[in-house]
>>> print(open('final_30.csv').read())   # CSV, C-alpha atoms and all ligand atoms
chain,number,residue,atom,x,y,z
R,1096,MET,CA,-96.2,11.0,-25.9
R,1097,SER,CA,-96.0,8.2,-28.5
R,1098,SER,CA,-93.7,5.3,-28.2
R,1099,SER,CA,-92.2,3.0,-30.9
R,1100,TYR,CA,-91.5,0.3,-28.3
R,1101,THR,CA,-92.7,-3.2,-29.3
R,1102,LYS,CA,-93.4,-5.6,-26.5
R,1103,PRO,CA,-91.1,-8.6,-26.7
R,1104,ALA,CA,-92.8,-12.0,-27.2
R,1105,PRO,CA,-93.1,-13.9,-23.9
R,1106,LYS,CA,-90.3,-16.4,-23.3
R,1107,PHE,CA,-92.5,-19.0,-21.7
R,1108,ASP,CA,-95.9,-20.5,-22.4
R,1109,LEU,CA,-98.4,-20.1,-19.6
R,1110,ALA,CA,-100.6,-22.8,-21.1
R,1111,SER,CA,-97.9,-25.5,-20.5
R,1112,PRO,CA,-98.3,-27.6,-17.4
R,1113,SER,CA,-94.9,-26.5,-16.0
R,1114,PRO,CA,-94.0,-23.3,-17.8
R,1115,ALA,CA,-90.3,-22.5,-17.9
R,1116,TYR,CA,-88.4,-19.4,-19.2
R,1117,THR,CA,-85.9,-20.3,-21.9
R,1118,LEU,CA,-82.7,-18.5,-21.1
R,1119,ALA,CA,-80.3,-17.3,-23.7
R,1120,SER,CA,-78.2,-20.5,-23.2
R,1121,GLY,CA,-81.3,-22.7,-23.9
R,1122,ASP,CA,-81.6,-23.8,-20.3
R,1123,LYS,CA,-85.1,-23.8,-18.9
R,1124,MET,CA,-85.9,-21.9,-15.7
R,1125,PRO,CA,-89.2,-22.8,-14.0
R,1126,ILE,CA,-91.2,-19.6,-13.7
R,1127,ILE,CA,-92.2,-20.0,-10.1
R,1128,ALA,CA,-89.3,-20.2,-7.7
R,1129,TYR,CA,-89.1,-20.8,-4.0
R,1130,GLY,CA,-87.4,-17.8,-2.3
R,1131,THR,CA,-85.3,-18.3,0.9
R,1132,PHE,CA,-84.6,-14.7,1.9
R,1133,ARG,CA,-85.6,-14.0,5.6
R,1134,SER,CA,-85.8,-17.8,6.2
R,1135,ALA,CA,-84.0,-18.3,9.5
R,1136,PRO,CA,-81.6,-21.1,10.1
R,1137,GLY,CA,-83.4,-23.7,12.1
R,1138,GLU,CA,-86.5,-23.3,9.9
R,1139,VAL,CA,-85.2,-23.2,6.4
R,1140,ALA,CA,-84.3,-26.9,6.0
R,1141,VAL,CA,-87.9,-28.0,6.8
R,1142,ALA,CA,-89.3,-25.2,4.6
R,1143,VAL,CA,-87.1,-26.2,1.6
R,1144,LEU,CA,-88.1,-29.9,1.9
R,1145,GLU,CA,-91.8,-28.8,2.1
R,1146,ALA,CA,-91.3,-26.7,-1.0
R,1147,LEU,CA,-89.7,-29.5,-2.9
R,1148,LYS,CA,-92.6,-31.8,-1.9
R,1149,ALA,CA,-95.1,-29.2,-2.9
R,1150,GLY,CA,-93.5,-29.2,-6.4
R,1151,TYR,CA,-91.0,-26.3,-6.5
R,1152,ARG,CA,-88.1,-27.1,-8.8
R,1153,HIS,CA,-86.5,-23.7,-8.8
R,1154,LEU,CA,-84.8,-22.5,-5.6
R,1155,ASP,CA,-83.5,-19.0,-5.1
R,1156,LEU,CA,-80.6,-18.9,-2.7
R,1157,ALA,CA,-77.9,-16.4,-1.6
R,1158,HIS,CA,-74.7,-16.7,0.4
R,1159,VAL,CA,-75.7,-13.7,2.5
R,1160,TYR,CA,-78.9,-15.3,3.7
R,1161,GLY,CA,-76.7,-17.3,6.0
R,1162,ASN,CA,-78.6,-20.5,5.4
R,1163,GLU,CA,-76.6,-22.3,2.7
R,1164,GLU,CA,-75.3,-25.2,4.9
R,1165,GLU,CA,-78.7,-25.9,6.2
R,1166,ILE,CA,-80.2,-25.9,2.8
R,1167,GLY,CA,-77.4,-28.2,1.7
R,1168,GLY,CA,-78.6,-30.6,4.4
R,1169,ALA,CA,-82.2,-30.4,3.0
R,1170,LEU,CA,-81.0,-31.0,-0.5
R,1171,LYS,CA,-79.0,-34.0,0.5
R,1172,GLN,CA,-82.0,-35.5,2.2
R,1173,ALA,CA,-84.2,-34.8,-0.8
R,1174,PHE,CA,-81.7,-36.4,-3.2
R,1175,ASP,CA,-81.2,-39.4,-0.8
R,1176,GLU,CA,-84.9,-40.0,-0.4
R,1177,GLY,CA,-85.6,-39.6,-4.1
R,1178,ILE,CA,-87.9,-36.6,-3.6
R,1179,VAL,CA,-86.1,-35.0,-6.5
R,1180,SER,CA,-82.8,-35.3,-8.4
R,1181,ARG,CA,-80.2,-32.6,-8.9
R,1182,GLU,CA,-80.9,-32.5,-12.7
R,1183,GLU,CA,-84.6,-31.8,-12.0
R,1184,LEU,CA,-83.7,-28.7,-10.0
R,1185,PHE,CA,-82.8,-25.2,-11.1
R,1186,ILE,CA,-80.7,-23.6,-8.4
R,1187,THR,CA,-79.7,-19.9,-8.3
R,1188,GLY,CA,-77.0,-18.6,-6.0
R,1189,LYS,CA,-75.6,-15.1,-5.4
R,1190,LEU,CA,-72.2,-13.6,-5.1
R,1191,TRP,CA,-72.1,-11.2,-2.1
R,1192,ASN,CA,-70.9,-7.6,-2.1
R,1193,SER,CA,-67.8,-8.3,-0.1
R,1194,ASP,CA,-66.7,-11.0,-2.5
R,1195,HIS,CA,-66.4,-8.9,-5.8
R,1196,ASP,CA,-62.6,-9.0,-6.0
R,1197,VAL,CA,-61.5,-10.9,-9.1
R,1198,ASP,CA,-59.5,-13.5,-7.2
R,1199,ILE,CA,-62.3,-14.0,-4.7
R,1200,VAL,CA,-65.2,-14.6,-7.2
R,1201,PRO,CA,-64.3,-18.2,-8.0
R,1202,LYS,CA,-63.5,-18.9,-4.3
R,1203,ALA,CA,-66.9,-17.5,-3.3
R,1204,ALA,CA,-68.8,-19.6,-5.8
R,1205,ALA,CA,-66.8,-22.7,-4.7
R,1206,HIS,CA,-67.4,-21.9,-1.0
R,1207,SER,CA,-71.2,-21.6,-1.6
R,1208,LEU,CA,-71.3,-24.8,-3.6
R,1209,LYS,CA,-69.4,-26.6,-0.9
R,1210,ASN,CA,-71.9,-25.3,1.7
R,1211,LEU,CA,-74.7,-26.6,-0.4
R,1212,GLY,CA,-73.1,-29.9,-1.3
R,1213,LEU,CA,-73.5,-29.1,-5.0
R,1214,ASP,CA,-71.0,-29.0,-7.9
R,1215,TYR,CA,-72.6,-26.4,-10.1
R,1216,PHE,CA,-75.1,-23.5,-10.0
R,1217,ASP,CA,-77.8,-23.3,-12.7
R,1218,LEU,CA,-77.6,-19.5,-12.3
R,1219,TYR,CA,-75.2,-17.4,-10.3
R,1220,LEU,CA,-75.9,-13.7,-9.8
R,1221,ILE,CA,-74.0,-10.7,-8.6
R,1222,HIS,CA,-76.3,-9.8,-5.7
R,1223,PHE,CA,-75.9,-6.0,-5.8
R,1224,PRO,CA,-74.1,-3.6,-8.1
R,1225,VAL,CA,-71.7,-2.5,-5.3
R,1226,CYS,CA,-68.2,-3.8,-4.3
R,1227,TRP,CA,-67.3,-3.8,-0.6
R,1228,LYS,CA,-64.0,-4.6,1.0
R,1229,HIS,CA,-63.5,-8.4,1.3
R,1230,THR,CA,-64.2,-9.6,4.9
R,1231,GLY,CA,-63.7,-13.3,4.5
R,1232,LEU,CA,-65.7,-16.0,2.7
R,1233,SER,CA,-67.5,-17.2,5.9
R,1234,THR,CA,-68.0,-13.7,7.2
R,1235,PRO,CA,-69.7,-11.6,4.6
R,1236,SER,CA,-69.8,-7.9,5.4
R,1237,TRP,CA,-73.0,-6.4,6.8
R,1238,GLY,CA,-73.8,-3.2,8.6
R,1239,ALA,CA,-71.2,-0.5,8.3
R,1240,SER,CA,-69.6,-1.8,5.2
R,1241,GLU,CA,-66.8,0.0,3.3
R,1242,LEU,CA,-66.7,0.4,-0.4
R,1243,GLY,CA,-64.1,-1.7,-2.3
R,1244,THR,CA,-62.2,-0.8,-5.5
R,1245,THR,CA,-63.0,-3.6,-8.0
R,1246,PRO,CA,-65.0,-2.2,-10.9
R,1247,LEU,CA,-68.2,-4.1,-11.7
R,1248,ILE,CA,-67.0,-5.0,-15.2
R,1249,ASP,CA,-64.0,-6.8,-13.6
R,1250,THR,CA,-66.3,-8.8,-11.4
R,1251,TRP,CA,-68.4,-9.6,-14.4
R,1252,ARG,CA,-65.3,-10.9,-16.3
R,1253,ALA,CA,-64.6,-13.2,-13.3
R,1254,MET,CA,-68.2,-14.4,-13.6
R,1255,GLU,CA,-67.8,-15.0,-17.3
R,1256,LYS,CA,-64.9,-17.4,-16.4
R,1257,LEU,CA,-67.2,-19.3,-14.1
R,1258,ALA,CA,-69.7,-19.7,-17.0
R,1259,GLU,CA,-66.9,-20.8,-19.3
R,1260,THR,CA,-65.8,-23.5,-16.9
R,1261,GLY,CA,-69.4,-24.7,-16.3
R,1262,VAL,CA,-69.3,-24.1,-12.5
R,1263,CYS,CA,-72.2,-21.7,-13.2
R,1264,ARG,CA,-74.3,-22.7,-16.2
R,1265,ASN,CA,-75.7,-19.2,-16.5
R,1266,ILE,CA,-74.6,-15.9,-15.0
R,1267,GLY,CA,-76.6,-12.8,-14.3
R,1268,VAL,CA,-77.1,-9.9,-11.9
R,1269,SER,CA,-79.6,-8.8,-9.2
R,1270,ASN,CA,-80.8,-5.3,-8.2
R,1271,TRP,CA,-79.3,-3.7,-11.3
R,1272,PRO,CA,-81.1,-0.5,-12.4
R,1273,MET,CA,-81.6,0.1,-16.1
R,1274,LEU,CA,-78.6,2.3,-16.9
R,1275,LEU,CA,-76.2,0.0,-15.1
R,1276,MET,CA,-77.8,-2.9,-17.0
R,1277,HIS,CA,-77.1,-1.1,-20.3
R,1278,ASP,CA,-73.5,-0.4,-19.2
R,1279,LEU,CA,-73.1,-4.2,-18.6
R,1280,VAL,CA,-74.8,-5.2,-21.8
R,1281,THR,CA,-72.5,-3.0,-23.9
R,1282,GLN,CA,-69.4,-4.5,-22.3
R,1283,ALA,CA,-70.3,-8.2,-21.6
R,1284,LYS,CA,-68.7,-11.0,-23.6
R,1285,ILE,CA,-71.3,-13.3,-22.1
R,1286,GLN,CA,-74.6,-11.4,-21.8
R,1287,PRO,CA,-76.3,-11.5,-18.4
R,1288,ALA,CA,-79.0,-14.2,-18.5
R,1289,CYS,CA,-81.1,-12.6,-15.8
R,1290,ASN,CA,-81.7,-9.5,-13.6
R,1291,GLN,CA,-83.4,-10.3,-10.4
R,1292,ILE,CA,-85.1,-7.2,-9.0
R,1293,GLU,CA,-87.8,-6.0,-6.7
R,1294,VAL,CA,-91.1,-6.0,-8.7
R,1295,HIS,CA,-94.6,-6.1,-7.4
R,1296,VAL,CA,-97.9,-4.3,-8.2
R,1297,TYR,CA,-96.9,-1.2,-6.2
R,1298,TYR,CA,-93.5,-1.1,-7.9
R,1299,GLN,CA,-93.9,-2.3,-11.5
R,1300,ARG,CA,-90.7,-0.9,-13.1
R,1301,GLU,CA,-92.0,-1.1,-16.6
R,1302,SER,CA,-89.0,0.4,-18.4
R,1303,LEU,CA,-86.4,-1.8,-16.6
R,1304,VAL,CA,-88.6,-4.9,-17.2
R,1305,ASN,CA,-89.1,-4.1,-20.9
R,1306,TYR,CA,-85.4,-3.3,-21.3
R,1307,CYS,CA,-84.4,-6.7,-20.0
R,1308,LEU,CA,-87.1,-8.7,-21.8
R,1309,SER,CA,-86.3,-7.0,-25.1
R,1310,ARG,CA,-82.7,-8.4,-24.8
R,1311,ASN,CA,-83.8,-11.8,-23.6
R,1312,ILE,CA,-82.5,-11.0,-20.1
R,1313,CYS,CA,-84.9,-12.9,-17.8
R,1314,VAL,CA,-86.5,-10.8,-15.1
R,1315,THR,CA,-87.2,-12.5,-11.8
R,1316,ALA,CA,-89.2,-10.7,-9.3
R,1317,HIS,CA,-88.1,-10.9,-5.7
R,1318,THR,CA,-90.7,-9.6,-3.2
R,1319,PRO,CA,-93.5,-10.3,-5.7
R,1320,LEU,CA,-96.1,-10.1,-2.9
R,1321,GLY,CA,-94.6,-6.8,-1.7
R,1322,GLY,CA,-93.1,-8.7,1.2
R,1323,GLY,CA,-96.5,-9.8,2.6
R,1324,LEU,CA,-97.0,-8.3,6.1
R,1325,ALA,CA,-93.3,-8.4,6.9
R,1326,ASN,CA,-92.5,-5.2,5.1
R,1327,ALA,CA,-95.6,-3.4,6.4
R,1328,GLU,CA,-94.7,-4.4,10.0
R,1329,THR,CA,-91.1,-3.2,9.6
R,1330,TRP,CA,-91.5,-0.1,7.4
R,1331,ASN,CA,-95.2,0.6,7.5
R,1332,THR,CA,-95.5,0.2,3.7
R,1333,PRO,CA,-98.9,-0.4,2.1
R,1334,ILE,CA,-99.7,-4.1,1.7
R,1335,PRO,CA,-100.6,-5.2,-1.9
R,1336,LEU,CA,-102.2,-8.3,-0.4
R,1337,HIS,CA,-104.9,-6.0,1.2
R,1338,ASP,CA,-105.5,-3.8,-1.9
R,1339,PRO,CA,-109.3,-3.6,-2.6
R,1340,ILE,CA,-108.8,-3.9,-6.4
R,1341,ILE,CA,-106.6,-7.0,-5.9
R,1342,LEU,CA,-109.2,-8.5,-3.5
R,1343,GLU,CA,-112.0,-7.8,-5.9
R,1344,VAL,CA,-110.2,-9.4,-8.9
R,1345,ALA,CA,-109.3,-12.4,-6.6
R,1346,LYS,CA,-113.0,-12.8,-5.6
R,1347,ASN,CA,-114.1,-12.8,-9.2
R,1348,HIS,CA,-111.7,-15.7,-10.0
R,1349,GLY,CA,-112.2,-17.6,-6.8
R,1350,LYS,CA,-108.5,-17.1,-6.1
R,1351,THR,CA,-106.5,-15.4,-3.3
R,1352,ALA,CA,-104.9,-12.0,-3.4
R,1353,ALA,CA,-101.5,-13.6,-3.5
R,1354,GLN,CA,-102.4,-15.7,-6.5
R,1355,VAL,CA,-103.6,-12.5,-8.4
R,1356,LEU,CA,-100.4,-10.6,-7.5
R,1357,LEU,CA,-98.3,-13.5,-8.9
R,1358,ARG,CA,-100.4,-14.1,-11.9
R,1359,PHE,CA,-100.2,-10.4,-12.8
R,1360,LEU,CA,-96.4,-10.7,-12.9
R,1361,VAL,CA,-96.2,-13.9,-14.9
R,1362,GLN,CA,-98.6,-12.5,-17.4
R,1363,ARG,CA,-96.1,-9.7,-17.9
R,1364,GLY,CA,-93.4,-12.4,-18.7
R,1365,ILE,CA,-91.8,-12.1,-15.3
R,1366,VAL,CA,-90.5,-15.1,-13.3
R,1367,VAL,CA,-91.6,-14.9,-9.6
R,1368,LEU,CA,-90.0,-16.1,-6.4
R,1369,PRO,CA,-92.6,-15.9,-3.6
R,1370,LYS,CA,-91.4,-16.9,-0.2
R,1371,SER,CA,-93.5,-18.6,2.4
R,1372,MET,CA,-92.7,-20.8,5.4
R,1373,LYS,CA,-96.3,-22.3,5.3
R,1374,PRO,CA,-97.0,-25.4,3.2
R,1375,GLU,CA,-100.5,-24.4,2.3
R,1376,ARG,CA,-99.2,-21.0,1.0
R,1377,MET,CA,-96.4,-22.7,-0.8
R,1378,ALA,CA,-99.0,-24.8,-2.7
R,1379,GLN,CA,-101.2,-21.8,-3.2
R,1380,ASN,CA,-98.4,-19.8,-4.8
R,1381,LEU,CA,-97.7,-22.6,-7.3
R,1382,ASP,CA,-101.4,-22.8,-8.2
R,1383,ILE,CA,-101.6,-19.8,-10.5
R,1384,LEU,CA,-101.8,-21.6,-13.9
R,1385,ASP,CA,-105.6,-22.4,-14.1
R,1386,PHE,CA,-106.9,-18.9,-14.5
R,1387,SER,CA,-105.9,-15.8,-16.4
R,1388,LEU,CA,-106.5,-12.1,-15.9
R,1389,THR,CA,-108.4,-10.2,-18.6
R,1390,GLU,CA,-106.9,-7.2,-20.4
R,1391,GLU,CA,-109.2,-5.0,-18.4
R,1392,GLU,CA,-108.0,-6.6,-15.1
R,1393,MET,CA,-104.4,-6.3,-16.2
R,1394,GLY,CA,-105.1,-2.6,-16.9
R,1395,LYS,CA,-106.7,-2.0,-13.5
R,1396,ILE,CA,-103.8,-3.6,-11.7
R,1397,LYS,CA,-101.3,-1.8,-13.8
R,1398,ALA,CA,-102.9,1.5,-12.5
R,1399,LEU,CA,-102.0,0.5,-8.9
R,1400,ASP,CA,-98.3,1.3,-9.5
R,1401,LYS,CA,-97.0,3.6,-6.8
R,1402,TYR,CA,-93.5,3.9,-8.3
R,1403,VAL,CA,-91.9,3.4,-4.9
R,1404,SER,CA,-89.4,0.8,-4.0
R,1405,TYR,CA,-90.0,-1.0,-0.7
R,1406,LYS,CA,-86.2,-1.2,-0.4
R,1407,THR,CA,-86.6,-4.7,1.0
R,1408,ASN,CA,-82.9,-5.1,1.0
R,1409,PRO,CA,-80.9,-2.1,2.2
R,1410,ASN,CA,-83.1,-0.7,4.9
R,1411,PRO,CA,-82.6,1.1,7.1
R,1412,LEU,CA,-80.4,2.8,4.6
R,1413,SER,CA,-77.6,3.4,7.1
R,1414,ALA,CA,-77.2,-0.3,7.6
R,1415,PHE,CA,-76.1,-0.8,4.0
R,1416,ILE,CA,-73.1,1.4,3.5
R,1417,GLY,CA,-71.8,2.9,6.7
R,1418,GLY,CA,-68.4,3.6,8.2
R,1419,PRO,CA,-66.2,6.0,6.3
R,1420,ASP,CA,-68.4,5.6,3.2
R,1421,ALA,CA,-71.6,6.8,4.9
R,1422,PHE,CA,-71.6,10.3,3.3
R,1423,THR,CA,-74.7,11.5,5.2
R,1424,ALA,CA,-75.7,11.0,8.8
R,1425,GLU,CA,-78.3,8.4,7.7
R,1426,GLY,CA,-75.8,6.4,5.7
R,1427,THR,CA,-75.6,5.9,2.0
R,1428,ASP,CA,-78.2,4.0,0.1
R,1429,ILE,CA,-77.1,1.8,-2.7
R,1430,PHE,CA,-79.7,3.4,-5.0
R,1431,ASP,CA,-78.6,7.0,-4.1
W,1,LIG,P1,-95.2,-16.7,5.5
W,1,LIG,O1,-93.8,-17.1,5.3
W,1,LIG,O2,-95.7,-16.6,7.0
W,1,LIG,O3,-96.2,-17.4,4.6
W,1,LIG,P2,-92.5,-11.9,-0.7
W,1,LIG,O4,-92.5,-13.2,-1.4
W,1,LIG,O5,-93.1,-10.8,-1.5
W,1,LIG,O6,-91.2,-11.4,-0.1
W,1,LIG,O7,-93.6,-12.1,0.6
W,1,LIG,C1,-93.2,-13.0,1.6
W,1,LIG,C2,-94.2,-12.7,2.7
W,1,LIG,O8,-95.5,-13.0,2.3
W,1,LIG,C3,-93.9,-13.7,3.8
W,1,LIG,O9,-94.1,-12.9,5.0
W,1,LIG,C4,-95.0,-14.7,3.8
W,1,LIG,O10,-95.4,-15.1,5.0
W,1,LIG,C5,-96.1,-14.0,3.1
W,1,LIG,N1,-96.8,-14.9,2.1
W,1,LIG,C6,-96.3,-15.7,1.2
W,1,LIG,N2,-97.3,-16.4,0.5
W,1,LIG,C7,-98.4,-15.9,0.9
W,1,LIG,C8,-99.8,-16.1,0.6
W,1,LIG,N3,-100.1,-17.0,-0.4
W,1,LIG,N4,-100.8,-15.4,1.2
W,1,LIG,C9,-100.4,-14.5,2.2
W,1,LIG,N5,-99.2,-14.2,2.6
W,1,LIG,C10,-98.2,-14.9,2.0
>>> encode(input="final_30.csv", output="structure tokens")
Amino acid sequence: MSSSYTKPAPKFDLASPSPAYTLASGDKMPIIAYGTFRSAPGEVAVAVLEALKAGYRHLDLAHVYGNEEEIGGALKQAFDEGIVSREELFITGKLWNSDHDVDIVPKAAAHSLKNLGLDYFDLYLIHFPVCWKHTGLSTPSWGASELGTTPLIDTWRAMEKLAETGVCRNIGVSNWPMLLMHDLVTQAKIQPACNQIEVHVYYQRESLVNYCLSRNICVTAHTPLGGGLANAETWNTPIPLHDPIILEVAKNHGKTAAQVLLRFLVQRGIVVLPKSMKPERMAQNLDILDFSLTEEEMGKIKALDKYVSYKTNPNPLSAFIGGPDAFTAEGTDIFD
């Protein structure tokens, strides 16, 4: 089958000392972010401070991770101690599923900003394309959540207002599949700046990535290492970090498997947000700019795609939409 698709030009320069994706607004987003999913309260403040000291300037946060206040404390310390200034940081936050109602959206953003001690987000994302019944700003719904009634486009219009007022400098979405993305693109007055999705070598999502990049919608990869060992332990999924091809390529470059996995993504024009609690790994995950994968290596790694989501987020499926809206015994998966 032939294709007339032309690959979009990369929106960042990997040869620059600190490559940054130029968003549609002109704002620059550093291409390696520090992720805070699965970072437990009690540990996350130390980890965020370590990440800032290691050189991360892009932090990926979300209300539902339950760690905003603690991260706010770490940010205050970092600003007070002169480790970094607010202007040097690119901070992403996310609107939770139970906060989609139009009157709740600005309150949810304000609530998260207050928790963090900030007065604006560089980027604010709708976390998932699903509206749940509102359960209170401090008590986001989880488990057997019930569907709400606010259409996604109405939530987007409320996000557009946040962008117009400057509370959120850029707005976008997360976990949006391609056809929903197209639905949003055709209706948005302010185009989504970003789609943050699960992408890694075993789930490469070429169509969705190319759709977004061809419209200057930044793609950020969550779970870029395939979740490390954490997903394997929980769901017995294969571990990209242990893949023999990845290990062989890593050996040839004197790099680690993690560095090859990340480099593969940034060479595809994708922003990555690896998460680690360990300072040496934080540093390692930033250190991916001094080597490059050849066309042949890119091809070999491309062939590793298994086309299977690790469903890092809604798993077990029944935990995501339950109650009266679980239409099967196992529950309803957001991607059903
Ligand atoms: P840890 O926090 O103990 O370092 P993902 O970013 O794909 O969600 O993967 C995160 C997982 O991968 C975490 O369990 C993390 O463990 C692990 N991890 C992060 N960086 C590395 C690395 N450079 N080498 C090996 N494992 C890593």
>>> closest_residue(input="final_30.csv", among="R:Ile1166, R:Leu1184, R:Leu1154, R:Leu1342", to="R:Glu1138", atoms="all atoms listed in the file")
R:Ile1166
>>> closest_atom_pairs(input="final_30.csv", of="stretch 1104-1179 of chain R", to="stretch 1284-1303 of chain R", cutoff="12 Å", atoms="all atoms listed in the file", output="JSON lines")
{"residue": "R:Tyr1116", "atom": "CA", "partner": "R:Cys1289", "partner_atom": "CA", "distance": 10.5}
{"residue": "R:Thr1117", "atom": "CA", "partner": "R:Ala1288", "partner_atom": "CA", "distance": 9.8}
{"residue": "R:Leu1118", "atom": "CA", "partner": "R:Ala1288", "partner_atom": "CA", "distance": 6.2}
{"residue": "R:Ala1119", "atom": "CA", "partner": "R:Ala1288", "partner_atom": "CA", "distance": 6.2}
{"residue": "R:Ser1120", "atom": "CA", "partner": "R:Ala1288", "partner_atom": "CA", "distance": 7.9}
{"residue": "R:Gly1121", "atom": "CA", "partner": "R:Ala1288", "partner_atom": "CA", "distance": 10.3}
{"residue": "R:Asp1122", "atom": "CA", "partner": "R:Ala1288", "partner_atom": "CA", "distance": 10.1}
{"residue": "R:Lys1123", "atom": "CA", "partner": "R:Ala1288", "partner_atom": "CA", "distance": 11.4}
{"residue": "R:Met1124", "atom": "CA", "partner": "R:Cys1289", "partner_atom": "CA", "distance": 10.5}
{"residue": "R:Ala1128", "atom": "CA", "partner": "R:Gln1291", "partner_atom": "CA", "distance": 11.8}
{"residue": "R:Gly1130", "atom": "CA", "partner": "R:Gln1291", "partner_atom": "CA", "distance": 11.7}
{"residue": "R:Asp1155", "atom": "CA", "partner": "R:Gln1291", "partner_atom": "CA", "distance": 10.2}
{"residue": "R:Leu1156", "atom": "CA", "partner": "R:Gln1291", "partner_atom": "CA", "distance": 11.9}
>>> write_last_selection(input="final_30.csv", atoms="C-alpha atoms", output="PDB file, keeping the file's coordinate frame")
ATOM      1  CA  TYR R1116     -88.400 -19.400 -19.200  1.00  0.00           C
ATOM      2  CA  THR R1117     -85.900 -20.300 -21.900  1.00  0.00           C
ATOM      3  CA  LEU R1118     -82.700 -18.500 -21.100  1.00  0.00           C
ATOM      4  CA  ALA R1119     -80.300 -17.300 -23.700  1.00  0.00           C
ATOM      5  CA  SER R1120     -78.200 -20.500 -23.200  1.00  0.00           C
ATOM      6  CA  GLY R1121     -81.300 -22.700 -23.900  1.00  0.00           C
ATOM      7  CA  ASP R1122     -81.600 -23.800 -20.300  1.00  0.00           C
ATOM      8  CA  LYS R1123     -85.100 -23.800 -18.900  1.00  0.00           C
ATOM      9  CA  MET R1124     -85.900 -21.900 -15.700  1.00  0.00           C
ATOM     10  CA  ALA R1128     -89.300 -20.200  -7.700  1.00  0.00           C
ATOM     11  CA  GLY R1130     -87.400 -17.800  -2.300  1.00  0.00           C
ATOM     12  CA  ASP R1155     -83.500 -19.000  -5.100  1.00  0.00           C
ATOM     13  CA  LEU R1156     -80.600 -18.900  -2.700  1.00  0.00           C
TER      14      LEU R1156
END
>>> closest_residue(input="final_30.csv", among="R:Phe1132, R:Asp1338, R:Glu1163, R:Lys1256", to="ligand LIG 1 (chain W)", atoms="all atoms listed in the file")
R:Phe1132
>>> closest_residue(input="final_30.csv", among="R:Val1143, R:Ala1149, R:Pro1114, R:Asn1347", to="R:Glu1375", atoms="only C-alpha atoms")
R:Ala1149
>>> residues_around(input="final_30.csv", residues="R:Lys1102", least_positions_apart="2", cutoff="12 Å", atoms="only C-alpha atoms", output="list in words")
Ser1098, Ser1099, Tyr1100, Ala1104, Pro1105, Lys1106, Glu1301, Ser1302, Val1304, Asn1305, Tyr1306, Cys1307, Leu1308, Ser1309, Arg1310, Asn1311, Arg1363 and Gly1364 of chain R
>>> build_atoms(input="final_30.csv", residues="stretch 1312-1324 of chain R", atoms="N, CA and C atoms", output="mmCIF file, keeping the file's coordinate frame")
data_model
loop_
_atom_site.group_PDB
_atom_site.id
_atom_site.type_symbol
_atom_site.label_atom_id
_atom_site.label_comp_id
_atom_site.auth_asym_id
_atom_site.auth_seq_id
_atom_site.Cartn_x
_atom_site.Cartn_y
_atom_site.Cartn_z
ATOM 1 N N ILE R 1312 -83.070 -10.949 -21.491
ATOM 2 C CA ILE R 1312 -82.500 -11.000 -20.100
ATOM 3 C C ILE R 1312 -83.758 -11.321 -19.252
ATOM 4 N N CYS R 1313 -83.747 -12.494 -18.640
ATOM 5 C CA CYS R 1313 -84.900 -12.900 -17.800
ATOM 6 C C CYS R 1313 -85.045 -11.941 -16.642
ATOM 7 N N VAL R 1314 -86.279 -11.551 -16.346
ATOM 8 C CA VAL R 1314 -86.500 -10.800 -15.100
ATOM 9 C C VAL R 1314 -87.154 -11.673 -14.106
ATOM 10 N N THR R 1315 -86.511 -11.765 -12.938
ATOM 11 C CA THR R 1315 -87.200 -12.500 -11.800
ATOM 12 C C THR R 1315 -87.525 -11.486 -10.775
ATOM 13 N N ALA R 1316 -88.735 -11.636 -10.268
ATOM 14 C CA ALA R 1316 -89.200 -10.700 -9.300
ATOM 15 C C ALA R 1316 -89.012 -11.223 -7.881
ATOM 16 N N HIS R 1317 -88.123 -10.534 -7.136
ATOM 17 C CA HIS R 1317 -88.100 -10.900 -5.700
ATOM 18 C C HIS R 1317 -89.145 -9.963 -5.036
ATOM 19 N N THR R 1318 -89.613 -10.355 -3.875
ATOM 20 C CA THR R 1318 -90.700 -9.600 -3.200
ATOM 21 C C THR R 1318 -91.917 -9.460 -4.027
ATOM 22 N N PRO R 1319 -92.340 -10.523 -4.739
ATOM 23 C CA PRO R 1319 -93.500 -10.300 -5.700
ATOM 24 C C PRO R 1319 -94.789 -10.065 -4.979
ATOM 25 N N LEU R 1320 -94.850 -10.373 -3.667
ATOM 26 C CA LEU R 1320 -96.100 -10.100 -2.900
ATOM 27 C C LEU R 1320 -95.928 -8.751 -2.154
ATOM 28 N N GLY R 1321 -94.879 -8.006 -2.470
ATOM 29 C CA GLY R 1321 -94.600 -6.800 -1.700
ATOM 30 C C GLY R 1321 -94.145 -7.091 -0.314
ATOM 31 N N GLY R 1322 -93.646 -8.313 -0.112
ATOM 32 C CA GLY R 1322 -93.100 -8.700 1.200
ATOM 33 C C GLY R 1322 -94.185 -9.141 2.189
ATOM 34 N N GLY R 1323 -95.420 -9.339 1.714
ATOM 35 C CA GLY R 1323 -96.500 -9.800 2.600
ATOM 36 C C GLY R 1323 -96.654 -8.760 3.748
ATOM 37 N N LEU R 1324 -96.848 -9.243 4.953
ATOM 38 C CA LEU R 1324 -97.000 -8.300 6.100
ATOM 39 C C LEU R 1324 -95.663 -7.900 6.643
#
